[in-house]
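Everything on this sheet refers to the single structure shown next.
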Amino acid sequence: MEKSIFEITKMDCPSEENLIRMKLDGISNIANLEFDIPNRKLTVFHNGEIQQIEKSILELKLGGKKISTEQTDQTDFKENKNQKKLLWSVLIINFIFFLIEMTTGLISKSMGLVADSLDMLADSFVYGISLFAVGGTLIKKKRIAKLAGYFQITLAIIGFVEVLRRFFGEEKLPDFSTMIIVSVFALIANGICLYILQKSKSKEEAHMKASMIFTSNDVIINLGVIIAGVLVNYLSSSKPDLIIGTIVFVLVIQGAVRILKLGK
């Protein structure tokens with residue numbers, strides 16, 4: 001048995017972990033995967049060559065880089081029986097907040113909230129693919145990944161068009177208080193998701209939750225929408241909301257491209 005350690009610089013939340021798991025699924029010489037999200041490290045326990053594993057990780061374009069490979073005597077790995085239940089929990093939380101942010105975003109005329117809702121939906125897709133494709137064939141998993149990726153890109157493009165329309169047109173100011181309040185609750189929801197998934201792996205990692213929360217891309221987006229809400233009120237302009245919306249739509253498309261890579 002060999003142990004290879006990878007640095008994954010863009011692995012900042014559990015949805016990236018699931019992307020990597022799905023990408024490496026089906027590589028027969030992998031015995032176990034251990035993820036350290038706070039330190040952005042992946043440990044792969046495997047037999048034989050590492051080339052296919054390394055190639056698959058690089059294809060996701062998450063900043064993956066092999067640090068070391070060494071022999072190990074470890075052959076016993078703990079399986080987390082609650083993983084499926086935990087994935088359902090975070091999927092439901094993300095999907096509920098997708099509905100909340102999409103609804104309040106449309107009502108309050110905030111593109112930041114609409115864009116963040118799509119980011120929540122993107123995470124739901126990743127957890128959903130992990131769940132619904134469990135036990136299924138690789139072809140089934142790839143088909144689901146393609147559908148999810150294209151659907152996500154379509155929604156993001158519609159969002160871009162709406163941002164352009166509002167940027168050049170006369171539009172009512174978004175409701176800054178709704179932007180801030182909903183984003184604070186979304187921030188809490190993301191923190192809960194990170195805590196649930198990390199707690200499942202090791203009780204000793206629970207103390208890391210604070211650092212994990214503030215390194216998560218999702219949480220940075222939430223903070224961005226909150227700041228945009230403050231600036232909308234301070235400047236009496238919709239531009240901060242449109243700017244954060246554009247940034248998040250770009251991130252959503254990047255996430256969709258990663259999902260599509262699973263379908264190749």
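Residues in the structure tokens are numbered from 1 in each chain, the chains being A, B, ... in the order shown, and ligands are numbered from 1 in the order shown.
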
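Those residues that approach Glu54 in chain A to within 10 Å, counting only C-alpha atoms, are Ser4, Phe6, Leu24, Glu49, Ile50, Gln51, Gln52, Ser56, Ile57, Leu58, Glu59, Gly64, Lys65 and Lys66 of chain A; same-chain residues fewer than 2 positions away are not listed.
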
Give the strand (DSSP E or B) residues of range 12-47 of chain A, as DSSP finds them on the backbone, and put them as a tab-separated table (two decimals) with N, CA, C and O atoms, in the first residue's frame.
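Now in part.tsv:
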chain	number	residue	atom	x	y	z
A	30	ILE	N	-7.52	2.58	-5.83
A	30	ILE	CA	-7.66	3.46	-4.66
A	30	ILE	C	-8.32	2.69	-3.52
A	30	ILE	O	-9.42	2.14	-3.68
A	31	ALA	N	-7.66	2.67	-2.37
A	31	ALA	CA	-8.21	1.97	-1.20
A	31	ALA	C	-8.99	2.92	-0.30
A	31	ALA	O	-10.01	2.53	0.29
A	32	ASN	N	-8.54	4.17	-0.21
A	32	ASN	CA	-9.22	5.11	0.69
A	32	ASN	C	-8.78	6.55	0.39
A	32	ASN	O	-7.68	6.77	-0.12
A	33	LEU	N	-9.68	7.50	0.68
A	33	LEU	CA	-9.38	8.92	0.52
A	33	LEU	C	-9.60	9.61	1.86
A	33	LEU	O	-10.62	9.39	2.51
A	34	GLU	N	-8.65	10.44	2.26
A	34	GLU	CA	-8.79	11.24	3.49
A	34	GLU	C	-8.65	12.71	3.13
A	34	GLU	O	-7.64	13.12	2.55
A	35	PHE	N	-9.66	13.51	3.48
A	35	PHE	CA	-9.68	14.93	3.14
A	35	PHE	C	-9.42	15.78	4.38
A	35	PHE	O	-10.01	15.56	5.43
A	36	ASP	N	-8.56	16.77	4.22
A	36	ASP	CA	-8.29	17.76	5.26
A	36	ASP	C	-8.60	19.13	4.64
A	36	ASP	O	-7.72	19.78	4.07
A	41	LYS	N	-5.62	19.60	1.99
A	41	LYS	CA	-4.81	18.42	1.70
A	41	LYS	C	-5.71	17.21	1.44
A	41	LYS	O	-6.76	17.04	2.06
A	42	LEU	N	-5.27	16.36	0.50
A	42	LEU	CA	-5.94	15.10	0.20
A	42	LEU	C	-4.90	13.99	0.30
A	42	LEU	O	-3.84	14.06	-0.31
A	43	THR	N	-5.22	12.95	1.10
A	43	THR	CA	-4.35	11.79	1.20
A	43	THR	C	-5.03	10.62	0.50
A	43	THR	O	-6.17	10.27	0.83
A	44	VAL	N	-4.34	10.04	-0.46
A	44	VAL	CA	-4.87	8.91	-1.23
A	44	VAL	C	-4.08	7.65	-0.86
A	44	VAL	O	-2.86	7.62	-1.02
A	45	PHE	N	-4.79	6.64	-0.37
A	45	PHE	CA	-4.18	5.34	-0.11
A	45	PHE	C	-4.45	4.46	-1.33
A	45	PHE	O	-5.61	4.26	-1.71
A	46	HIS	N	-3.41	3.94	-1.94
A	46	HIS	CA	-3.60	3.24	-3.21
A	46	HIS	C	-2.57	2.13	-3.39
A	46	HIS	O	-1.52	2.09	-2.72

Output as a Markdown table one row per residue of range 38-157 of chain A within 6 Å of range 235-257 of chain A: the closest atom pair and its distance in Å to one decimal place, counting only C-alpha atoms, sorted by chain and residue number ascending.
| residue | atom | partner | partner_atom | distance |
| --- | --- | --- | --- | --- |
| A:Met111 | CA | A:Gly245 | CA | 5.1 |
| A:Gly112 | CA | A:Gly245 | CA | 4.1 |
| A:Ala115 | CA | A:Gly245 | CA | 5.4 |
| A:Asp119 | CA | A:Val252 | CA | 5.7 |
| A:Gly149 | CA | A:Ala256 | CA | 4.5 |
| A:Gln152 | CA | A:Ala256 | CA | 6.0 |
| A:Ile153 | CA | A:Ile253 | CA | 5.5 |
| A:Ala156 | CA | A:Phe249 | CA | 5.5 |

- Give me every helix (DSSP H, G or I) residue in range 20-160 of chain A, going by DSSP on the backbone, as a PyMOL selection string. chain A and resi 20-24+51-59+83-108+111-132+138-160

- Task: Find the spatial neighbours of Asn217 in chain A, counting only C-alpha atoms, within a cut-off of 12 Å - ignore same-chain residues fewer than 6 positions away - and output them as a list of chain:residue names.
- Result: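 My reading of the contact set: A:Thr9, A:Lys10, A:Met11, A:Asp12, A:Cys13, A:Pro14, A:Ser15, A:Glu16, A:Ile37, A:Asp116, A:Asp119, A:Met120, A:Asp123, A:Leu187, A:Asn190, A:Gly191, A:Leu194, A:Leu223, A:Gly224, A:Val248, A:Leu251, A:Val252, A:Gly255.
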
- Task: Extract, using only C-alpha atoms, all DNA, RNA and protein residues at most 9 Å from Met1 in chain A, discarding same-chain residues fewer than 3 positions from it, and format them as a PyMOL selection string.
- Result: chain A and resi 31+45-48+70-75

- How many Å lie between CA of Phe185 in chain A and CA of Val219 in chain A, rounded to one decimal? 10.9 Å

- Message: Which residue is closest to Val182 in chain A? Choose from A:Ile93, A:Leu86, A:Ile226, A:Leu260 and count only C-alpha atoms.
- Response: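 Among A:Ile93, A:Leu86, A:Ile226, A:Leu260, it is A:Ile226 that comes nearest to Val182 in chain A.
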